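Note: the block below is protein_38.cif and it holds mmCIF, C-alpha atoms and all ligand atoms.
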```
data_structure
loop_
_atom_site.label_atom_id
_atom_site.label_comp_id
_atom_site.auth_asym_id
_atom_site.auth_seq_id
_atom_site.Cartn_x
_atom_site.Cartn_y
_atom_site.Cartn_z
CA MET V 1 87.48 7.29 -82.57
CA VAL V 2 90.99 6.22 -81.52
CA HIS V 3 93.47 3.67 -82.77
CA LYS V 4 96.15 2.20 -80.48
CA PHE V 5 99.61 1.61 -81.85
CA ASN V 6 100.25 -2.09 -82.39
CA PRO V 7 103.39 -3.19 -80.48
CA LYS V 8 104.03 -5.60 -83.40
CA SER V 9 104.82 -2.52 -85.53
CA ILE V 10 107.74 -1.61 -83.27
CA LYS V 11 110.08 -1.17 -86.27
CA LYS V 12 108.05 1.82 -87.47
CA LEU V 13 109.11 3.73 -84.33
CA ASP V 14 112.73 3.90 -85.44
CA ASP V 15 113.29 3.85 -89.17
CA GLU V 16 114.77 6.09 -91.83
CA TRP V 17 111.50 7.98 -92.43
CA ARG V 18 111.19 8.82 -88.73
CA ARG V 19 114.81 9.88 -88.44
CA GLU V 20 114.26 12.27 -91.36
CA ASN V 21 110.96 13.66 -90.06
CA LEU V 22 111.72 13.70 -86.34
CA PRO V 23 115.48 13.43 -85.72
CA PRO V 24 115.50 12.85 -81.95
CA ILE V 25 118.21 15.19 -80.61
CA GLU V 26 117.32 18.02 -83.00
CA THR V 27 113.61 17.62 -82.22
CA LEU V 28 114.17 17.73 -78.45
CA LYS V 29 116.35 20.83 -78.75
CA LYS V 30 113.75 22.52 -80.95
CA LEU V 31 111.12 21.77 -78.27
CA GLY V 32 113.36 23.53 -75.75
CA LEU V 33 114.66 20.63 -73.64
CA GLU V 34 117.51 21.91 -71.44
CA ALA V 35 120.38 20.14 -69.68
CA THR V 36 118.88 21.10 -66.30
CA ASP V 37 115.51 19.41 -66.99
CA SER V 38 114.10 16.21 -65.58
CA VAL V 39 111.90 14.43 -68.11
CA ALA V 40 108.83 12.22 -68.36
CA ASP V 41 108.39 10.65 -71.80
CA ILE V 42 104.65 9.98 -71.67
CA GLY V 43 103.82 7.02 -73.94
CA CYS V 44 107.53 6.49 -74.62
CA GLY V 45 107.20 3.47 -76.97
CA ILE V 46 110.63 1.93 -77.56
CA GLY V 47 112.40 4.99 -76.10
CA TYR V 48 113.19 6.63 -79.44
CA PHE V 49 113.06 10.03 -77.69
CA THR V 50 113.69 8.92 -74.09
CA ILE V 51 117.23 7.76 -74.80
CA SER V 52 118.22 11.00 -76.53
CA ALA V 53 116.49 13.07 -73.83
CA ALA V 54 118.30 11.14 -71.09
CA SER V 55 121.63 11.77 -72.82
CA LEU V 56 120.89 15.52 -72.99
CA ILE V 57 120.08 15.89 -69.27
CA GLY V 58 123.17 14.26 -67.75
CA ASN V 59 122.36 12.66 -64.40
CA ASN V 60 118.86 14.07 -64.06
CA ASN V 61 115.94 11.63 -64.10
CA ALA V 62 114.19 10.53 -67.27
CA PHE V 63 111.00 8.53 -66.74
CA ALA V 64 109.93 6.24 -69.58
CA LEU V 65 106.17 5.84 -69.11
CA ASP V 66 104.06 3.44 -71.14
CA THR V 67 101.09 1.11 -70.71
CA SER V 68 102.83 -1.54 -72.82
CA PRO V 69 105.31 -3.90 -71.09
CA GLU V 70 106.69 -4.92 -74.54
CA MET V 71 107.62 -1.31 -75.24
CA LEU V 72 109.24 -0.85 -71.84
CA ALA V 73 111.29 -4.04 -72.30
CA GLU V 74 112.60 -2.53 -75.53
CA VAL V 75 113.49 0.74 -73.72
CA GLU V 76 115.52 -1.28 -71.20
CA LEU V 77 117.40 -3.12 -73.96
CA ARG V 78 118.11 0.03 -75.92
CA SER V 79 119.20 2.13 -72.95
CA LYS V 80 121.53 -0.65 -71.79
CA ALA V 81 123.03 -0.89 -75.29
CA ALA V 82 123.51 2.89 -75.31
CA GLY V 83 125.08 2.88 -71.82
CA ILE V 84 122.39 5.25 -70.49
CA LYS V 85 121.78 4.94 -66.74
CA ASN V 86 119.33 7.72 -65.86
CA ILE V 87 116.15 6.18 -67.34
CA GLU V 88 113.51 4.68 -65.08
CA THR V 89 110.87 2.64 -66.89
CA VAL V 90 107.38 2.68 -65.37
CA LYS V 91 104.42 0.55 -66.48
CA THR V 92 101.46 2.91 -66.39
CA GLU V 93 97.67 2.54 -66.59
CA GLU V 94 95.47 4.21 -69.22
CA LEU V 95 94.78 7.27 -67.04
CA ASP V 96 97.37 6.84 -64.29
CA LEU V 97 101.01 7.72 -64.93
CA MET V 98 102.02 6.08 -61.64
CA ILE V 99 104.74 8.57 -60.60
CA PRO V 100 104.44 11.22 -57.85
CA ASP V 101 103.00 14.71 -58.33
CA GLU V 102 105.39 17.31 -59.77
CA SER V 103 108.10 14.76 -60.58
CA VAL V 104 109.54 16.49 -63.66
CA SER V 105 110.18 19.86 -65.26
CA PHE V 106 109.59 18.64 -68.82
CA GLY V 107 106.81 16.34 -70.05
CA LEU V 108 107.10 14.97 -73.57
CA MET V 109 104.22 13.38 -75.47
CA VAL V 110 104.92 12.32 -79.05
CA ASN V 111 102.25 10.66 -81.18
CA VAL V 112 100.25 9.55 -78.15
CA ILE V 113 97.37 11.97 -77.57
CA HIS V 114 95.51 10.83 -80.72
CA GLU V 115 95.43 7.32 -79.19
CA ILE V 116 93.67 8.42 -76.00
CA VAL V 117 89.88 8.20 -75.56
CA ASP V 118 89.57 10.51 -72.55
CA LYS V 119 91.98 13.23 -73.67
CA ASN V 120 90.97 15.76 -70.99
CA GLN V 121 91.60 13.31 -68.19
CA PHE V 122 94.91 12.19 -69.73
CA LEU V 123 96.12 15.78 -70.05
CA GLU V 124 95.13 16.48 -66.44
CA GLU V 125 97.05 13.40 -65.34
CA SER V 126 100.05 14.61 -67.37
CA SER V 127 99.79 18.02 -65.70
CA ARG V 128 99.84 16.35 -62.27
CA ILE V 129 103.38 15.00 -62.78
CA ILE V 130 104.83 18.33 -64.06
CA LYS V 131 106.24 20.94 -61.66
CA PRO V 132 104.68 24.43 -61.66
CA GLY V 133 106.61 26.49 -64.21
CA GLY V 134 107.52 23.27 -66.07
CA ARG V 135 106.69 22.54 -69.69
CA LEU V 136 104.67 20.03 -71.63
CA ALA V 137 105.78 19.44 -75.23
CA ILE V 138 103.41 17.62 -77.57
CA ILE V 139 104.03 16.41 -81.11
CA ASP V 140 101.28 14.82 -83.13
CA TRP V 141 100.10 14.23 -86.69
CA GLU V 142 98.75 17.19 -88.62
CA LYS V 143 94.98 16.88 -88.92
CA GLY V 144 94.91 16.51 -92.70
CA GLU V 145 95.85 13.94 -95.32
CA THR V 146 99.53 12.97 -95.17
CA ALA V 147 101.32 10.12 -96.93
CA MET V 148 101.67 8.16 -93.66
CA GLY V 149 99.90 8.08 -90.30
CA PRO V 150 96.52 7.26 -88.77
CA PRO V 151 93.21 8.12 -90.49
CA VAL V 152 92.41 11.84 -90.32
CA ASP V 153 89.34 11.30 -88.12
CA HIS V 154 91.57 9.65 -85.49
CA ARG V 155 93.78 12.75 -85.24
CA ILE V 156 93.38 15.87 -83.11
CA GLY V 157 94.12 19.33 -84.48
CA ARG V 158 96.49 21.76 -82.80
CA GLU V 159 93.74 24.33 -82.04
CA GLU V 160 91.51 21.81 -80.25
CA LEU V 161 94.46 20.52 -78.23
CA THR V 162 95.61 24.02 -77.32
CA ALA V 163 92.10 24.89 -76.09
CA MET V 164 92.06 21.78 -73.87
CA LEU V 165 95.40 22.71 -72.30
CA ARG V 166 94.36 26.31 -71.66
CA GLU V 167 91.37 24.94 -69.71
CA ILE V 168 93.74 23.17 -67.31
CA ASN V 169 96.05 26.12 -66.70
CA PHE V 170 98.70 25.71 -69.35
CA GLU V 171 99.94 28.68 -71.33
CA SER V 172 100.90 28.20 -74.97
CA GLN V 173 104.59 29.02 -75.37
CA GLU V 174 105.43 27.95 -78.91
CA THR V 175 103.96 26.18 -81.92
CA MET V 176 106.10 24.66 -84.63
CA ASN V 177 106.11 22.19 -87.51
CA PHE V 178 108.19 19.10 -88.15
CA THR V 179 108.05 18.61 -91.93
CA GLU V 180 104.52 18.71 -93.35
CA ASN V 181 103.54 15.70 -91.21
CA PHE V 182 103.65 16.84 -87.59
CA TYR V 183 102.95 19.85 -85.41
CA GLY V 184 104.78 20.60 -82.17
CA LEU V 185 103.25 22.54 -79.27
CA VAL V 186 105.06 23.68 -76.15
CA PHE V 187 103.07 24.76 -73.09
CA SER V 188 104.16 26.05 -69.72
CA LYS V 189 102.33 25.12 -66.54
CA LYS V 190 101.17 28.14 -64.55
C1 LIG V 201 102.76 5.68 -81.64
S1 LIG V 201 103.58 5.18 -80.19
C2 LIG V 201 104.70 6.56 -79.92
C3 LIG V 201 105.85 6.19 -79.04
C4 LIG V 201 106.87 7.30 -78.73
N1 LIG V 201 106.26 8.44 -78.08
C5 LIG V 201 107.57 7.75 -79.98
O1 LIG V 201 107.23 8.83 -80.50
O2 LIG V 201 108.45 7.03 -80.45
C6 LIG V 201 102.34 5.45 -78.93
C7 LIG V 201 102.72 4.87 -77.57
O3 LIG V 201 101.79 5.34 -76.59
C8 LIG V 201 101.54 4.30 -75.68
N2 LIG V 201 100.27 4.59 -75.01
C9 LIG V 201 99.01 4.50 -75.53
N3 LIG V 201 98.10 4.85 -74.60
C10 LIG V 201 98.81 5.19 -73.49
C11 LIG V 201 98.44 5.66 -72.18
N4 LIG V 201 97.17 5.84 -71.85
N5 LIG V 201 99.41 5.91 -71.28
C12 LIG V 201 100.73 5.73 -71.62
N6 LIG V 201 101.13 5.27 -72.82
C13 LIG V 201 100.18 5.02 -73.74
C14 LIG V 201 101.54 3.06 -76.57
O4 LIG V 201 101.74 1.88 -75.80
C15 LIG V 201 102.70 3.35 -77.51
O5 LIG V 201 103.92 2.89 -77.00
#
```
Using the file provided, produce a representation of the structure as structure tokens.
Ligand SMILES: C[S@@+](CC[C@H](N)C(=O)[O-])C[C@H]1O[C@@H](n2cnc3c(N)ncnc32)[C@H](O)[C@@H]1O
Amino acid sequence: MVHKFNPKSIKKLDDEWRRENLPPIETLKKLGLEATDSVADIGCGIGYFTISAASLIGNNNAFALDTSPEMLAEVELRSKAAGIKNIETVKTEELDLMIPDESVSFGLMVNVIHEIVDKNQFLEESSRIIKPGGRLAIIDWEKGETAMGPPVDHRIGREELTAMLREINFESQETMNFTENFYGLVFSKK
């Protein structure tokens, strides 16, 4: 069972609780984003992470990928307000990220995978846009009761997700926690 984020709840994507649990710059550094990376923020929402990622990678490309035009419009507004010029917004389809093969060295996917019905296909599509030797960093809700977040049966546990990525030639590099609410997994593409 999956539950799609309601674009009407846009405010929940950048509030005090989120900034405490997932402070954007600190989170990206902990995931290993480097100044030399190019980035695809897969299911970027309002660009909460895209804008910080773009600022950390100088003039390299940051793709903001989302199926929701409302979200992408918000990314454009926010990046303009922040004076960030290296973000390209791309309206994607459910299982088509719409950018060329091997476009980026770093794929980021925060609180998205639990919303996807065909997770294997979505992860394969995410792999397609990452260069060999690149990384895919995933953050999602712990699969257990937490004060906030989607119902537990809508979530995917870290072990299940790791097994899916191993099947498609990713190697687990690091696992981490962000408060008691989220896990973070970093994989490298063989
Ligand atoms: C809970 S929000 C998280 C947004 C952002 N990653 C963040 O952490 O602030 C989930 C986002 O995933 C997007 N999304 C859902 N299914 C998607 C898909 N198949 N491809 C790309 N984006 C998708 C939604 O439109 C929404 O913006």
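Here atom C11 of ligand LIG 201 (chain V) stands at a distance of 11.1 Å from CA of Asp41 in chain V.
Distances to Phe106 in chain V were evaluated for V:Lys189, V:Lys30, V:Lys11, V:His3 using all atoms listed in the file, and the minimum falls at V:Lys189.
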| query | Using all atoms listed in the file, what are the residues with an atom within 9 Å of ligand LIG 201 (chain V), set out as a VMD selection string? | reply | chain V and resid 4 to 7 10 12 to 14 18 22 41 to 50 65 to 72 91 to 97 108 to 118 122 139 to 140
Dump C-alpha atoms for the selected residues as an mmCIF file, in the coordinates of the input?
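Result written to again.cif:
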```
data_model
loop_
_atom_site.group_PDB
_atom_site.id
_atom_site.type_symbol
_atom_site.label_atom_id
_atom_site.label_comp_id
_atom_site.auth_asym_id
_atom_site.auth_seq_id
_atom_site.Cartn_x
_atom_site.Cartn_y
_atom_site.Cartn_z
ATOM 1 C CA LYS V 4 96.150 2.200 -80.480
ATOM 2 C CA PHE V 5 99.610 1.610 -81.850
ATOM 3 C CA ASN V 6 100.250 -2.090 -82.390
ATOM 4 C CA PRO V 7 103.390 -3.190 -80.480
ATOM 5 C CA ILE V 10 107.740 -1.610 -83.270
ATOM 6 C CA LYS V 12 108.050 1.820 -87.470
ATOM 7 C CA LEU V 13 109.110 3.730 -84.330
ATOM 8 C CA ASP V 14 112.730 3.900 -85.440
ATOM 9 C CA ARG V 18 111.190 8.820 -88.730
ATOM 10 C CA LEU V 22 111.720 13.700 -86.340
ATOM 11 C CA ASP V 41 108.390 10.650 -71.800
ATOM 12 C CA ILE V 42 104.650 9.980 -71.670
ATOM 13 C CA GLY V 43 103.820 7.020 -73.940
ATOM 14 C CA CYS V 44 107.530 6.490 -74.620
ATOM 15 C CA GLY V 45 107.200 3.470 -76.970
ATOM 16 C CA ILE V 46 110.630 1.930 -77.560
ATOM 17 C CA GLY V 47 112.400 4.990 -76.100
ATOM 18 C CA TYR V 48 113.190 6.630 -79.440
ATOM 19 C CA PHE V 49 113.060 10.030 -77.690
ATOM 20 C CA THR V 50 113.690 8.920 -74.090
ATOM 21 C CA LEU V 65 106.170 5.840 -69.110
ATOM 22 C CA ASP V 66 104.060 3.440 -71.140
ATOM 23 C CA THR V 67 101.090 1.110 -70.710
ATOM 24 C CA SER V 68 102.830 -1.540 -72.820
ATOM 25 C CA PRO V 69 105.310 -3.900 -71.090
ATOM 26 C CA GLU V 70 106.690 -4.920 -74.540
ATOM 27 C CA MET V 71 107.620 -1.310 -75.240
ATOM 28 C CA LEU V 72 109.240 -0.850 -71.840
ATOM 29 C CA LYS V 91 104.420 0.550 -66.480
ATOM 30 C CA THR V 92 101.460 2.910 -66.390
ATOM 31 C CA GLU V 93 97.670 2.540 -66.590
ATOM 32 C CA GLU V 94 95.470 4.210 -69.220
ATOM 33 C CA LEU V 95 94.780 7.270 -67.040
ATOM 34 C CA ASP V 96 97.370 6.840 -64.290
ATOM 35 C CA LEU V 97 101.010 7.720 -64.930
ATOM 36 C CA LEU V 108 107.100 14.970 -73.570
ATOM 37 C CA MET V 109 104.220 13.380 -75.470
ATOM 38 C CA VAL V 110 104.920 12.320 -79.050
ATOM 39 C CA ASN V 111 102.250 10.660 -81.180
ATOM 40 C CA VAL V 112 100.250 9.550 -78.150
ATOM 41 C CA ILE V 113 97.370 11.970 -77.570
ATOM 42 C CA HIS V 114 95.510 10.830 -80.720
ATOM 43 C CA GLU V 115 95.430 7.320 -79.190
ATOM 44 C CA ILE V 116 93.670 8.420 -76.000
ATOM 45 C CA VAL V 117 89.880 8.200 -75.560
ATOM 46 C CA ASP V 118 89.570 10.510 -72.550
ATOM 47 C CA PHE V 122 94.910 12.190 -69.730
ATOM 48 C CA ILE V 139 104.030 16.410 -81.110
ATOM 49 C CA ASP V 140 101.280 14.820 -83.130
#
```
| task | Quick one: everything within 9 Å of Glu102 in chain V, counting all atoms listed in the file, minus sequence neighbours fewer than 6 positions away in the same chain. Send it as an MDAnalysis selection string. | result | chainID V and resid 127:132 134
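Within 7 Å of Lys190 in chain V, once all atoms listed in the file are used and residues closer than 4 positions along the same chain are dropped, the contacting residues are Pro132, Gly133, Asn169, Phe170 and Glu171 of chain V.
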| field | Shell of 7 Å around Met164 in chain V, all atoms listed in the file, local chain residues under 4 positions omitted, as a list of chain:residue names | value | V:Asn120, V:Glu160, V:Ile168
Where atoms are missing, can you supply N, CA and C atoms for range 148-181 of chain V and output the lot as a short mmCIF file (atom, residue, chain, number, x, y, z; two decimals), in the coordinates of the input?
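New file part.cif:
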```
data_model
loop_
_atom_site.label_atom_id
_atom_site.label_comp_id
_atom_site.auth_asym_id
_atom_site.auth_seq_id
_atom_site.Cartn_x
_atom_site.Cartn_y
_atom_site.Cartn_z
N MET V 148 101.65 9.21 -94.69
CA MET V 148 101.67 8.16 -93.66
C MET V 148 100.74 8.59 -92.52
N GLY V 149 100.60 7.69 -91.53
CA GLY V 149 99.90 8.08 -90.30
C GLY V 149 98.49 7.55 -90.20
N PRO V 150 97.88 7.77 -89.02
CA PRO V 150 96.52 7.26 -88.77
C PRO V 150 95.47 8.01 -89.60
N PRO V 151 94.27 7.42 -89.76
CA PRO V 151 93.21 8.12 -90.49
C PRO V 151 92.95 9.50 -89.89
N VAL V 152 92.57 10.45 -90.77
CA VAL V 152 92.41 11.84 -90.32
C VAL V 152 91.41 11.95 -89.17
N ASP V 153 90.34 11.16 -89.19
CA ASP V 153 89.34 11.30 -88.12
C ASP V 153 89.83 10.72 -86.80
N HIS V 154 91.00 10.11 -86.76
CA HIS V 154 91.57 9.65 -85.49
C HIS V 154 92.51 10.71 -84.90
N ARG V 155 92.78 11.76 -85.67
CA ARG V 155 93.78 12.75 -85.24
C ARG V 155 93.11 13.91 -84.51
N ILE V 156 93.91 14.66 -83.76
CA ILE V 156 93.38 15.87 -83.11
C ILE V 156 94.17 17.07 -83.59
N GLY V 157 93.46 18.13 -83.95
CA GLY V 157 94.12 19.33 -84.48
C GLY V 157 94.78 20.14 -83.38
N ARG V 158 95.73 20.99 -83.79
CA ARG V 158 96.49 21.76 -82.80
C ARG V 158 95.61 22.75 -82.04
N GLU V 159 94.57 23.32 -82.72
CA GLU V 159 93.74 24.33 -82.04
C GLU V 159 92.92 23.67 -80.92
N GLU V 160 92.34 22.51 -81.24
CA GLU V 160 91.51 21.81 -80.25
C GLU V 160 92.36 21.42 -79.02
N LEU V 161 93.57 20.94 -79.31
CA LEU V 161 94.46 20.52 -78.23
C LEU V 161 94.89 21.72 -77.37
N THR V 162 95.19 22.81 -78.04
CA THR V 162 95.61 24.02 -77.32
C THR V 162 94.48 24.51 -76.40
N ALA V 163 93.24 24.45 -76.91
CA ALA V 163 92.10 24.89 -76.09
C ALA V 163 91.97 24.00 -74.85
N MET V 164 92.17 22.70 -75.02
CA MET V 164 92.06 21.78 -73.87
C MET V 164 93.11 22.11 -72.81
N LEU V 165 94.32 22.43 -73.26
CA LEU V 165 95.40 22.71 -72.30
C LEU V 165 95.20 24.04 -71.59
N ARG V 166 94.64 25.01 -72.31
CA ARG V 166 94.36 26.31 -71.66
C ARG V 166 93.37 26.11 -70.51
N GLU V 167 92.39 25.23 -70.73
CA GLU V 167 91.37 24.94 -69.71
C GLU V 167 91.99 24.42 -68.42
N ILE V 168 93.16 23.75 -68.53
CA ILE V 168 93.74 23.17 -67.31
C ILE V 168 95.02 23.93 -66.91
N ASN V 169 95.02 25.24 -67.25
CA ASN V 169 96.05 26.12 -66.70
C ASN V 169 97.43 26.01 -67.35
N PHE V 170 97.44 25.65 -68.60
CA PHE V 170 98.70 25.71 -69.35
C PHE V 170 98.67 26.92 -70.27
N GLU V 171 99.82 27.52 -70.45
CA GLU V 171 99.94 28.68 -71.33
C GLU V 171 100.71 28.22 -72.57
N SER V 172 100.21 28.60 -73.74
CA SER V 172 100.90 28.20 -74.97
C SER V 172 102.18 29.02 -75.11
N GLN V 173 103.30 28.32 -75.30
CA GLN V 173 104.59 29.02 -75.37
C GLN V 173 105.07 29.10 -76.81
N GLU V 174 104.92 27.99 -77.53
CA GLU V 174 105.43 27.95 -78.91
C GLU V 174 104.65 26.93 -79.72
N THR V 175 104.47 27.22 -81.02
CA THR V 175 103.96 26.18 -81.92
C THR V 175 104.94 26.08 -83.08
N MET V 176 105.10 24.88 -83.58
CA MET V 176 106.10 24.66 -84.63
C MET V 176 105.66 23.50 -85.52
N ASN V 177 106.38 23.31 -86.61
CA ASN V 177 106.11 22.19 -87.51
C ASN V 177 107.34 21.32 -87.62
N PHE V 178 107.11 20.02 -87.83
CA PHE V 178 108.19 19.10 -88.15
C PHE V 178 107.81 18.48 -89.49
N THR V 179 108.45 18.91 -90.54
CA THR V 179 108.05 18.61 -91.93
C THR V 179 106.56 18.95 -92.09
N GLU V 180 105.94 18.41 -93.14
CA GLU V 180 104.52 18.71 -93.35
C GLU V 180 103.64 17.72 -92.56
N ASN V 181 104.29 16.79 -91.84
CA ASN V 181 103.54 15.70 -91.21
C ASN V 181 103.11 15.94 -89.76
#
```
